[in-house]
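One file, query.txt, carrying compact mmCIF, C-alpha atoms:
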```
# COMPACT_ATOMS: atom_id res chain seq x y z
CA MET A 179 8.41 146.69 -12.85
CA ALA A 180 9.02 148.55 -16.11
CA ALA A 181 8.92 152.34 -16.29
CA THR A 182 6.00 154.11 -17.88
CA GLY A 183 8.30 156.45 -19.78
CA ASP A 184 6.60 159.54 -18.31
CA LEU A 185 9.49 161.29 -16.56
CA ASP A 186 8.43 164.92 -17.05
CA GLN A 187 9.78 167.35 -14.45
CA HIS A 188 11.49 164.64 -12.37
CA THR A 189 14.73 166.58 -12.14
CA ASP A 190 12.87 169.76 -11.17
CA HIS A 191 10.68 168.30 -8.44
CA GLY A 192 12.37 165.06 -7.34
CA ASP A 193 9.17 163.14 -8.18
CA TRP A 194 10.12 159.71 -9.52
CA SER A 195 6.76 158.09 -8.81
CA SER A 196 6.00 157.32 -12.45
CA ALA A 197 9.39 155.69 -13.10
CA GLY A 198 10.11 151.98 -13.00
CA PHE A 199 11.53 150.23 -9.97
CA ALA A 200 15.20 150.21 -10.97
CA THR A 201 15.07 153.91 -11.86
CA ARG A 202 13.43 154.81 -8.56
CA ALA A 203 15.93 152.72 -6.60
CA ILE A 204 18.77 154.72 -8.13
CA HIS A 205 17.26 158.21 -8.09
CA ALA A 206 14.44 158.62 -5.54
CA GLY A 207 15.65 160.72 -2.62
CA GLN A 208 19.12 160.87 -4.17
CA ASP A 209 19.30 164.04 -6.22
CA PRO A 210 22.84 165.31 -6.94
CA ASP A 211 24.30 167.22 -4.00
CA ALA A 212 23.25 170.86 -4.19
CA ALA A 213 26.60 172.17 -2.97
CA THR A 214 28.99 170.13 -5.13
CA GLY A 215 26.95 168.26 -7.73
CA ALA A 216 28.10 164.90 -6.31
CA VAL A 217 25.96 162.21 -7.93
CA VAL A 218 26.14 159.97 -4.84
CA THR A 219 24.52 161.08 -1.58
CA PRO A 220 27.30 162.24 0.78
CA ILE A 221 27.93 160.59 4.14
CA TYR A 222 26.92 163.25 6.65
CA GLN A 223 29.01 161.86 9.50
CA VAL A 224 27.83 164.46 11.97
CA SER A 225 25.97 164.46 15.27
CA THR A 226 24.73 168.06 15.50
CA TYR A 227 23.98 171.03 13.24
CA LYS A 228 24.48 174.80 13.52
CA GLN A 229 21.25 176.70 14.09
CA ASP A 230 20.64 180.11 12.54
CA GLY A 231 19.24 181.53 15.75
CA VAL A 232 17.28 179.53 18.32
CA GLY A 233 15.04 177.14 16.42
CA GLY A 234 16.40 178.30 13.07
CA LEU A 235 17.10 174.89 11.58
CA ARG A 236 18.64 174.37 8.14
CA GLY A 237 16.58 171.75 6.36
CA GLY A 238 15.01 170.74 9.67
CA TYR A 239 18.19 169.18 11.05
CA GLU A 240 19.23 169.67 14.66
CA TYR A 241 20.61 166.35 15.96
CA SER A 242 21.31 163.15 14.01
CA ARG A 243 19.18 160.86 16.13
CA SER A 244 16.21 162.98 15.07
CA GLY A 245 17.31 163.40 11.49
CA ASN A 246 20.36 163.04 9.23
CA PRO A 247 20.56 163.85 5.50
CA THR A 248 22.11 160.51 4.55
CA ARG A 249 19.47 158.60 6.48
CA ALA A 250 16.75 160.82 5.05
CA ALA A 251 17.88 159.90 1.53
CA LEU A 252 17.69 156.20 2.39
CA GLU A 253 14.26 156.58 3.98
CA GLU A 254 12.88 158.33 0.92
CA ALA A 255 14.41 155.73 -1.39
CA LEU A 256 12.86 152.90 0.64
CA ARG A 257 9.49 154.67 0.75
CA SER A 258 9.55 155.00 -3.02
CA ALA A 259 10.66 151.40 -3.54
CA GLU A 260 7.73 150.06 -1.51
CA GLY A 261 5.18 152.59 -2.76
CA GLY A 262 4.42 153.77 0.77
CA GLY A 263 3.70 157.06 2.47
CA ALA A 264 6.70 157.25 4.84
CA GLY A 265 9.95 155.37 5.32
CA PHE A 266 12.05 154.87 8.47
CA ALA A 267 15.58 153.41 8.72
CA PHE A 268 16.89 151.60 11.81
CA SER A 269 20.07 150.06 13.14
CA SER A 270 18.75 146.50 12.56
CA GLY A 271 15.67 144.67 11.39
CA LEU A 272 14.74 143.76 14.96
CA ALA A 273 15.15 147.39 16.05
CA ALA A 274 12.60 148.27 13.37
CA GLU A 275 10.25 145.52 14.59
CA ASP A 276 10.62 146.56 18.23
CA THR A 277 9.86 150.20 17.42
CA LEU A 278 6.76 149.26 15.44
CA LEU A 279 5.41 146.93 18.10
CA ARG A 280 5.87 149.55 20.82
CA ALA A 281 3.97 152.01 18.65
CA VAL A 282 0.93 149.78 18.07
CA LEU A 283 0.64 147.51 21.13
CA ARG A 284 -0.31 147.93 24.76
CA PRO A 285 -0.45 145.39 27.62
CA GLY A 286 -3.41 143.06 27.11
CA ASP A 287 -3.25 143.22 23.31
CA HIS A 288 -2.97 140.18 21.04
CA VAL A 289 -0.87 139.39 17.95
CA VAL A 290 -1.56 136.79 15.27
CA MET A 291 1.68 135.58 13.69
CA ALA A 292 3.01 132.79 11.48
CA ASN A 293 3.65 129.35 12.93
CA ASP A 294 6.93 129.30 10.98
CA ALA A 295 8.05 132.89 11.61
CA TYR A 296 11.63 134.07 11.83
CA GLY A 297 13.05 133.05 15.18
CA GLY A 298 14.06 136.59 16.11
CA THR A 299 10.53 137.87 15.55
CA TYR A 300 9.11 135.08 17.69
CA ARG A 301 11.65 135.79 20.44
CA LEU A 302 10.76 139.49 20.42
CA ILE A 303 6.98 138.95 20.53
CA ALA A 304 6.94 135.96 22.90
CA ARG A 305 9.82 136.68 25.26
CA VAL A 306 10.10 140.48 25.26
CA PHE A 307 6.52 141.62 24.70
CA GLY A 308 5.02 138.55 26.37
CA PRO A 309 6.14 139.53 29.89
CA TRP A 310 4.84 143.03 29.10
CA GLY A 311 1.36 141.53 28.80
CA VAL A 312 1.06 140.99 25.03
CA GLU A 313 -0.36 137.62 23.97
CA HIS A 314 0.17 135.89 20.64
CA THR A 315 -1.26 133.05 18.57
CA ALA A 316 0.83 131.26 15.94
CA VAL A 317 -1.13 129.93 12.97
CA ASP A 318 -0.62 128.79 9.39
CA LEU A 319 -0.92 132.12 7.59
CA SER A 320 -1.43 130.39 4.25
CA ASP A 321 -4.87 129.44 5.62
CA ALA A 322 -6.87 132.68 5.67
CA GLU A 323 -9.73 130.99 7.52
CA ALA A 324 -7.35 129.85 10.28
CA VAL A 325 -6.20 133.44 10.63
CA LEU A 326 -9.79 134.61 10.86
CA ALA A 327 -10.46 132.03 13.59
CA ALA A 328 -7.38 133.18 15.55
CA ILE A 329 -8.47 136.83 15.65
CA ARG A 330 -9.82 137.92 19.03
CA PRO A 331 -12.36 140.72 18.48
CA GLY A 332 -11.31 143.87 20.26
CA GLN A 333 -8.02 142.37 21.43
CA THR A 334 -6.11 141.46 18.27
CA LYS A 335 -4.24 144.59 17.24
CA VAL A 336 -1.62 143.16 14.85
CA ILE A 337 -1.55 140.46 12.19
CA TRP A 338 2.14 139.88 11.51
CA LEU A 339 3.09 137.91 8.45
CA GLU A 340 6.10 136.96 6.42
CA THR A 341 5.67 135.87 2.85
CA PRO A 342 7.65 133.89 1.96
CA THR A 343 8.36 132.79 5.53
CA ASN A 344 11.74 132.04 7.06
CA PRO A 345 12.82 129.22 6.72
CA LEU A 346 9.92 127.09 5.43
CA LEU A 347 9.06 129.52 2.61
CA GLY A 348 5.34 129.51 3.28
CA VAL A 349 3.27 131.91 1.19
CA ALA A 350 0.36 133.97 2.50
CA ASP A 351 -2.31 135.81 0.51
CA VAL A 352 -1.62 139.42 1.50
CA ALA A 353 -4.84 140.83 0.08
CA ALA A 354 -7.02 138.26 1.87
CA LEU A 355 -5.31 138.86 5.21
CA ALA A 356 -5.50 142.63 4.69
CA ALA A 357 -9.27 142.30 4.51
CA HIS A 358 -9.36 140.31 7.75
CA ALA A 359 -7.10 142.85 9.50
CA ALA A 360 -9.21 145.78 8.35
CA ALA A 361 -12.40 144.12 9.55
CA ALA A 362 -10.83 143.54 12.98
CA GLY A 363 -9.46 147.08 13.26
CA ALA A 364 -5.95 145.60 13.39
CA VAL A 365 -2.72 146.57 11.65
CA LEU A 366 -1.42 144.22 8.94
CA VAL A 367 2.37 144.01 9.05
CA VAL A 368 4.28 142.26 6.27
CA ASP A 369 7.92 141.27 6.60
CA ASN A 370 9.02 141.63 2.99
CA THR A 371 12.68 140.77 3.55
CA PHE A 372 12.72 137.56 1.47
CA ALA A 373 10.72 138.90 -1.46
CA THR A 374 12.15 142.47 -1.47
CA PRO A 375 10.20 145.40 -2.93
CA TYR A 376 11.48 144.43 -6.38
CA LEU A 377 9.50 141.18 -6.38
CA GLN A 378 6.56 142.07 -4.13
CA GLN A 379 4.93 145.25 -2.87
CA PRO A 380 2.58 144.38 0.00
CA ILE A 381 1.30 147.95 0.44
CA THR A 382 -0.33 147.77 -2.99
CA LEU A 383 -2.07 144.59 -1.75
CA GLY A 384 -3.47 146.27 1.35
CA ALA A 385 -0.72 146.02 4.00
CA ASP A 386 -0.46 148.85 6.53
CA VAL A 387 3.28 148.60 7.06
CA VAL A 388 6.20 146.71 5.57
CA VAL A 389 9.22 145.53 7.56
CA HIS A 390 12.70 144.83 6.20
CA SER A 391 15.95 143.56 7.50
CA THR A 392 17.95 145.71 5.07
CA THR A 393 20.96 143.64 6.13
CA LYS A 394 19.73 141.07 3.65
CA TYR A 395 18.87 141.65 -0.02
CA ILE A 396 18.56 145.43 0.07
CA GLY A 397 22.08 145.86 1.49
CA GLY A 398 23.04 142.82 -0.52
CA HIS A 399 26.76 142.52 0.24
CA SER A 400 26.93 141.16 3.81
CA ASP A 401 28.71 144.31 4.98
CA VAL A 402 26.05 146.30 6.85
CA VAL A 403 23.31 145.63 9.43
CA GLY A 404 20.08 147.60 9.19
CA GLY A 405 16.31 147.59 9.23
CA ALA A 406 13.42 149.57 7.81
CA LEU A 407 9.72 150.27 8.12
CA VAL A 408 7.60 151.65 5.30
CA VAL A 409 4.14 152.80 6.34
CA ALA A 410 1.27 152.98 3.85
CA ASP A 411 -0.09 156.41 3.04
CA GLY A 412 -3.03 157.05 5.36
CA ALA A 413 -2.45 153.97 7.54
CA GLN A 414 -4.00 154.25 11.00
CA LEU A 415 -3.19 152.84 14.42
CA PRO A 416 -5.31 149.91 15.67
CA VAL A 417 -8.89 150.89 16.44
CA GLY A 418 -9.19 152.68 19.77
CA LEU A 419 -5.52 153.67 20.09
CA ASP A 420 -4.29 157.25 20.04
CA GLY A 421 -0.66 157.92 19.27
CA PRO A 422 1.83 159.85 21.43
CA THR A 423 1.49 162.92 19.19
CA GLY A 424 -2.28 163.05 19.62
CA THR A 425 -3.13 161.62 16.20
CA THR A 426 -4.17 158.16 15.04
CA ALA A 427 -1.78 158.20 12.08
CA LEU A 428 0.52 155.16 12.15
CA ALA A 429 3.39 157.08 10.54
CA ASP A 430 3.23 159.77 13.25
CA ALA A 431 3.46 157.15 15.99
CA VAL A 432 6.37 155.35 14.32
CA ALA A 433 8.24 158.64 13.82
CA PHE A 434 7.78 159.53 17.49
CA HIS A 435 8.99 156.14 18.69
CA GLN A 436 11.93 156.09 16.27
CA ASN A 437 13.19 159.34 17.76
CA ALA A 438 12.26 158.48 21.35
CA SER A 439 13.90 155.03 21.28
CA GLY A 440 16.79 156.10 19.08
CA ALA A 441 17.76 152.84 17.33
CA VAL A 442 18.37 154.70 14.08
CA ALA A 443 20.58 153.82 11.14
CA GLY A 444 23.90 155.64 11.27
CA PRO A 445 25.14 157.76 8.34
CA PHE A 446 27.69 155.26 7.00
CA ASP A 447 25.29 152.32 7.38
CA SER A 448 22.63 154.36 5.58
CA TRP A 449 25.09 155.11 2.77
CA LEU A 450 26.05 151.44 2.37
CA THR A 451 22.38 150.43 2.30
CA LEU A 452 21.63 153.08 -0.32
CA ARG A 453 24.47 151.71 -2.44
CA GLY A 454 22.99 148.23 -2.19
CA LEU A 455 19.47 149.37 -3.07
CA LYS A 456 20.71 150.83 -6.35
CA THR A 457 21.59 147.37 -7.70
CA LEU A 458 18.75 145.41 -6.08
CA ALA A 459 16.87 144.86 -9.34
CA VAL A 460 19.75 143.35 -11.30
CA ARG A 461 20.91 141.27 -8.35
CA MET A 462 17.45 139.85 -7.68
CA ASP A 463 17.10 138.78 -11.31
CA ARG A 464 20.27 136.68 -10.89
CA HIS A 465 19.28 135.42 -7.42
CA CYS A 466 15.94 134.24 -8.80
CA ALA A 467 17.46 132.54 -11.85
CA ASN A 468 20.07 130.71 -9.79
CA ALA A 469 17.57 129.69 -7.10
CA ALA A 470 15.18 128.28 -9.70
CA ALA A 471 18.01 126.21 -11.16
CA VAL A 472 19.06 124.97 -7.71
CA ALA A 473 15.48 124.05 -6.79
CA ALA A 474 14.96 122.12 -10.03
CA PHE A 475 18.30 120.32 -9.54
CA LEU A 476 17.41 119.27 -6.00
CA GLU A 477 13.87 118.22 -6.89
CA ALA A 478 15.21 115.89 -9.58
CA ARG A 479 17.34 113.97 -7.06
CA ASP A 480 16.00 110.83 -5.40
CA ASP A 481 18.10 111.43 -2.29
CA VAL A 482 16.39 114.74 -1.44
CA PRO A 483 13.01 113.96 0.19
CA GLN A 484 11.53 117.45 -0.15
CA VAL A 485 12.43 120.71 -1.85
CA ILE A 486 10.68 123.93 -0.80
CA TYR A 487 10.68 126.81 -3.27
CA PRO A 488 7.67 128.97 -4.23
CA GLY A 489 8.62 128.76 -7.89
CA LEU A 490 8.03 125.00 -8.03
CA ASP A 491 4.62 123.69 -9.06
CA SER A 492 4.88 121.31 -6.09
CA HIS A 493 4.86 124.22 -3.62
CA ALA A 494 1.48 124.59 -1.91
CA GLY A 495 1.60 128.38 -2.28
CA HIS A 496 2.86 128.49 -5.84
CA GLU A 497 -0.35 129.91 -7.30
CA VAL A 498 -0.59 132.70 -4.71
CA ALA A 499 3.11 133.51 -5.06
CA ALA A 500 2.76 133.74 -8.84
CA ARG A 501 -0.17 136.12 -8.40
CA GLN A 502 1.43 138.56 -5.93
CA MET A 503 5.13 138.27 -6.78
CA SER A 504 6.99 139.05 -10.00
CA GLY A 505 9.65 136.43 -9.18
CA PHE A 506 10.11 133.70 -6.60
CA GLY A 507 13.21 134.89 -4.77
CA GLY A 508 16.64 133.54 -3.96
CA MET A 509 15.86 131.30 -0.97
CA VAL A 510 15.56 127.52 -1.24
CA SER A 511 15.03 125.04 1.61
CA PHE A 512 15.18 121.26 1.47
CA ARG A 513 14.95 118.23 3.74
CA ALA A 514 18.08 116.08 3.86
CA GLY A 515 16.43 112.92 5.21
CA GLY A 516 18.13 113.05 8.60
CA ALA A 517 19.87 115.49 10.91
CA GLU A 518 23.28 113.83 10.56
CA ARG A 519 23.13 113.92 6.77
CA ALA A 520 22.06 117.58 6.86
CA ASP A 521 25.09 118.34 9.02
CA ARG A 522 27.42 116.48 6.62
CA ILE A 523 26.02 118.35 3.61
CA CYS A 524 26.67 121.70 5.27
CA ALA A 525 30.20 120.64 6.18
CA ARG A 526 31.08 119.63 2.61
CA THR A 527 30.05 122.64 0.53
CA LYS A 528 32.74 124.91 -0.87
CA VAL A 529 30.91 127.57 -2.89
CA PHE A 530 28.07 127.69 -0.36
CA THR A 531 29.49 129.12 2.88
CA LEU A 532 28.21 127.80 6.20
CA ALA A 533 26.92 130.99 7.84
CA GLU A 534 23.83 132.68 9.20
CA SER A 535 22.05 135.59 7.48
CA LEU A 536 21.08 135.66 3.81
CA GLY A 537 20.58 137.86 0.78
CA GLY A 538 24.20 138.67 0.00
CA VAL A 539 25.89 138.18 -3.35
CA GLU A 540 27.59 135.06 -1.99
CA SER A 541 25.73 131.77 -1.48
CA LEU A 542 25.18 130.61 2.10
CA ILE A 543 24.04 127.33 3.65
CA GLU A 544 22.77 126.72 7.18
CA LEU A 545 20.79 124.44 9.50
CA PRO A 546 17.95 126.59 10.90
CA ALA A 547 17.13 124.21 13.77
CA ARG A 548 20.62 124.66 15.24
CA MET A 549 21.45 128.13 13.98
CA THR A 550 19.02 130.94 13.06
CA HIS A 551 15.96 129.30 14.60
CA GLY A 552 17.46 127.89 17.78
CA SER A 553 15.22 130.24 19.78
CA VAL A 554 12.07 128.36 18.71
CA VAL A 555 13.24 124.85 19.66
CA GLY A 556 10.59 123.28 21.86
CA THR A 557 7.83 125.63 20.68
CA ASP A 558 5.08 125.32 18.08
CA LEU A 559 7.45 127.07 15.67
CA GLU A 560 10.21 124.43 15.88
CA VAL A 561 11.58 123.53 12.44
CA PRO A 562 12.65 120.04 11.28
CA ASP A 563 16.18 119.09 12.34
CA ASP A 564 17.07 117.96 8.82
CA LEU A 565 15.98 121.19 7.14
CA VAL A 566 18.74 122.90 5.16
CA ARG A 567 18.30 126.52 4.11
CA LEU A 568 20.11 127.94 1.11
CA SER A 569 20.59 131.60 0.33
CA VAL A 570 21.44 131.27 -3.34
CA GLY A 571 23.88 133.96 -4.44
CA ILE A 572 24.82 135.35 -7.82
CA GLU A 573 27.77 133.07 -8.63
CA ASP A 574 27.86 131.00 -11.83
CA GLU A 575 24.99 128.53 -11.89
CA ALA A 576 27.19 125.62 -12.94
CA ASP A 577 29.48 126.11 -9.94
CA LEU A 578 26.54 126.17 -7.54
CA LEU A 579 25.05 122.96 -8.91
CA ALA A 580 28.42 121.20 -8.94
CA ASP A 581 29.03 122.18 -5.32
CA LEU A 582 25.67 120.82 -4.21
CA ALA A 583 26.19 117.63 -6.21
CA GLN A 584 29.48 116.82 -4.48
CA ALA A 585 28.08 117.78 -1.05
CA LEU A 586 25.07 115.48 -1.51
CA ALA A 587 27.11 112.57 -2.84
```
Encoded form (structure tokens):
Amino acid sequence: MAATGDLDQHTDHGDWSSAGFATRAIHAGQDPDAATGAVVTPIYQVSTYKQDGVGGLRGGYEYSRSGNPTRAALEEALRSAEGGGAGFAFSSGLAAEDTLLRAVLRPGDHVVMANDAYGGTYRLIARVFGPWGVEHTAVDLSDAEAVLAAIRPGQTKVIWLETPTNPLLGVADVAALAAHAAAAGAVLVVDNTFATPYLQQPITLGADVVVHSTTKYIGGHSDVVGGALVVADGAQLPVGLDGPTGTTALADAVAFHQNASGAVAGPFDSWLTLRGLKTLAVRMDRHCANAAAVAAFLEARDDVPQVIYPGLDSHAGHEVAARQMSGFGGMVSFRAGGAERADRICARTKVFTLAESLGGVESLIELPARMTHGSVVGTDLEVPDDLVRLSVGIEDEADLLADLAQALA
């Protein structure tokens, strides 16, 4: 993620493409305010804009659903962070997912997705798009051949993957699945929420579009809800589909649907998310270090039957994760050996707070089967009832380990 050192003309042209990740996260799309010199992007808390004559728009702004300067800064920063061609900011991660799916799917289409996907994604695809006529198949995305077998020629329009997955932290080979998607004329979507663009950049591996719940690591402080899409430069709609603007460009279709549906990120939420993105690199370094220590601590205990963390040699996807990620993230899951014991562990922690969500500076603990993944109970995506998910924060390592030790005792 280091910079190349070639920063010529950045301040003149706003081109930070040759800079390192942390530099781009702080500067891309966020030039000092032209009117005042403010070094932080202002919050343009405005709904409409004066026109200089009919159609005479200043900077292209007419109404804040269609465009807002604070949101535009965030969208450019996210685009740069992921190395994509266009960025789009939404009011939540699921709003981003819904907009994308409406742009690329029609009744009768088919989606291949993970058999341990986030419960909200499953609910959206199965229970919202299902009655609309969209079918889906859930498979182990770490098995590229199983994905290939699940593809229905001419019908599969989307391969939707998370890597690592939520909450079982499965790892998929993005490049291998990108090849399968391209051969099928389908769009490869990667939910990069757990890894973040600091640790993994799926577009460079062949993904067509990246999804984020910016509520999580990008926002980073548990104080804002948001979502994002970053579309690869030149990405196209599924084979045979024309977009609402008359082109086959995926970015054009997403832009149309973002404006038509209107679930956009507000100015203040955009500003908070921008603030979080600036410190993503340093926070993720600490998240990764603490999570690795927690995973090693848990794996050394005889009373923890299984620890799931991509950074452990025991993880089935460790080799792939090491190849396509620069770090293994801040999420750790483990089996407690029984649902009642899992419940007791969650009730006893003091540093780890019992709460849903993840990716904030504070450490969280939860039981997916009864909390975040309750919507998949009774389906092929049901998770074990003794699975405990940890979002490891940036507190002192010793305090985190001591808290888990007393909770497990």
Kindly give the distance, in Å, that separates CA of Ala467 (chain A) and CA of Arg513 (chain A), rounded to a single decimal.
-> 21.3 Å
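Using only C-alpha atoms for every distance, the candidate list A:Pro247, A:Gly505, A:Gly231, A:Gly444 yields A:Gly505 as the residue closest to Tyr376 (chain A).
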What's the 10 Å shell around Gly515 (chain A), counting only C-alpha atoms, without same-chain residues fewer than 4 positions away, as a PDB file with C-alpha atoms, in the coordinates of the input?
```pdb
ATOM      1  CA  ASP A 481      18.100 111.430  -2.290  1.00  0.00           C
ATOM      2  CA  VAL A 482      16.390 114.740  -1.440  1.00  0.00           C
ATOM      3  CA  PRO A 483      13.010 113.960   0.190  1.00  0.00           C
ATOM      4  CA  GLN A 484      11.530 117.450  -0.150  1.00  0.00           C
ATOM      5  CA  ARG A 519      23.130 113.920   6.770  1.00  0.00           C
ATOM      6  CA  ALA A 520      22.060 117.580   6.860  1.00  0.00           C
ATOM      7  CA  ASP A 563      16.180 119.090  12.340  1.00  0.00           C
ATOM      8  CA  ASP A 564      17.070 117.960   8.820  1.00  0.00           C
ATOM      9  CA  LEU A 565      15.980 121.190   7.140  1.00  0.00           C
TER      10      LEU A 565
END
```
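For the choices A:Ala406, A:Ala438, A:Ala470, A:Val389, the atom-to-atom distance to Gly507 (chain A) is smallest for A:Ala470 when using all atoms listed in the file.
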Residues near region 193-207 of chain A, cut-off 12 Å, all atoms listed in the file, skip fewer than 5 positions along chain, as a VMD selection string = chain A and resid 179 to 188 217 to 219 247 to 263 265 374 to 379 396 451 to 463
So how many Å separate CA of Cys466 (chain A) and CA of Val485 (chain A), to one decimal?
-> 15.6 Å
Show me as a ChimeraX atom specification the residues that reach within 10 Å of (-9.1, 143.4, 9.7), counting all atoms listed in the file and using the file's own coordinates.
-> /A:326,329,331,334-337,354-366,416
Would you mind putting all heavy atoms back on region 217-224 of chain A and writing the result as an mmCIF file, keeping the file's coordinate frame?
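In the end it all went to rebuild_23.cif:
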```cif
data_model
loop_
_atom_site.group_PDB
_atom_site.id
_atom_site.type_symbol
_atom_site.label_atom_id
_atom_site.label_comp_id
_atom_site.auth_asym_id
_atom_site.auth_seq_id
_atom_site.Cartn_x
_atom_site.Cartn_y
_atom_site.Cartn_z
ATOM 1 N N VAL A 217 27.086 163.028 -7.482
ATOM 2 C CA VAL A 217 25.960 162.210 -7.930
ATOM 3 C C VAL A 217 25.581 161.145 -6.902
ATOM 4 O O VAL A 217 24.524 160.521 -7.029
ATOM 5 C CB VAL A 217 26.242 161.551 -9.293
ATOM 6 C CG1 VAL A 217 26.452 162.610 -10.360
ATOM 7 C CG2 VAL A 217 27.448 160.621 -9.215
ATOM 8 N N VAL A 218 26.437 160.915 -5.911
ATOM 9 C CA VAL A 218 26.140 159.970 -4.840
ATOM 10 C C VAL A 218 25.888 160.767 -3.560
ATOM 11 O O VAL A 218 26.631 161.697 -3.236
ATOM 12 C CB VAL A 218 27.300 158.981 -4.627
ATOM 13 C CG1 VAL A 218 27.065 158.114 -3.399
ATOM 14 C CG2 VAL A 218 27.474 158.109 -5.856
ATOM 15 N N THR A 219 24.841 160.392 -2.825
ATOM 16 C CA THR A 219 24.520 161.080 -1.580
ATOM 17 C C THR A 219 25.714 161.066 -0.638
ATOM 18 O O THR A 219 26.266 159.999 -0.355
ATOM 19 C CB THR A 219 23.327 160.390 -0.889
ATOM 20 O OG1 THR A 219 22.201 160.394 -1.778
ATOM 21 C CG2 THR A 219 22.957 161.085 0.407
ATOM 22 N N PRO A 220 26.158 162.209 -0.132
ATOM 23 C CA PRO A 220 27.300 162.240 0.780
ATOM 24 C C PRO A 220 26.991 161.556 2.115
ATOM 25 O O PRO A 220 25.832 161.422 2.507
ATOM 26 C CB PRO A 220 27.547 163.739 1.000
ATOM 27 C CG PRO A 220 26.867 164.420 -0.141
ATOM 28 C CD PRO A 220 25.687 163.562 -0.471
ATOM 29 N N ILE A 221 28.054 161.123 2.789
ATOM 30 C CA ILE A 221 27.930 160.590 4.140
ATOM 31 C C ILE A 221 28.037 161.772 5.100
ATOM 32 O O ILE A 221 29.115 162.329 5.288
ATOM 33 C CB ILE A 221 29.031 159.564 4.454
ATOM 34 C CG1 ILE A 221 29.026 158.435 3.416
ATOM 35 C CG2 ILE A 221 28.860 159.011 5.867
ATOM 36 C CD1 ILE A 221 30.225 157.511 3.532
ATOM 37 N N TYR A 222 26.926 162.145 5.682
ATOM 38 C CA TYR A 222 26.920 163.250 6.650
ATOM 39 C C TYR A 222 27.252 162.671 8.024
ATOM 40 O O TYR A 222 26.375 162.426 8.842
ATOM 41 C CB TYR A 222 25.564 163.942 6.649
ATOM 42 C CG TYR A 222 25.334 164.789 5.414
ATOM 43 C CD1 TYR A 222 24.757 164.243 4.268
ATOM 44 C CD2 TYR A 222 25.709 166.124 5.388
ATOM 45 C CE1 TYR A 222 24.548 165.009 3.137
ATOM 46 C CE2 TYR A 222 25.509 166.906 4.259
ATOM 47 C CZ TYR A 222 24.931 166.338 3.137
ATOM 48 O OH TYR A 222 24.736 167.105 2.007
ATOM 49 N N GLN A 223 28.553 162.458 8.253
ATOM 50 C CA GLN A 223 29.010 161.860 9.500
ATOM 51 C C GLN A 223 29.102 162.953 10.562
ATOM 52 O O GLN A 223 30.167 163.456 10.908
ATOM 53 C CB GLN A 223 30.376 161.187 9.296
ATOM 54 C CG GLN A 223 30.777 160.245 10.422
ATOM 55 C CD GLN A 223 29.870 159.028 10.493
ATOM 56 O OE1 GLN A 223 29.602 158.377 9.487
ATOM 57 N NE2 GLN A 223 29.377 158.722 11.680
ATOM 58 N N VAL A 224 27.941 163.322 11.068
ATOM 59 C CA VAL A 224 27.830 164.460 11.970
ATOM 60 C C VAL A 224 26.764 164.169 13.012
ATOM 61 O O VAL A 224 25.790 163.462 12.727
ATOM 62 C CB VAL A 224 27.467 165.741 11.166
ATOM 63 C CG1 VAL A 224 26.171 165.550 10.385
ATOM 64 C CG2 VAL A 224 27.380 166.969 12.048
#
```
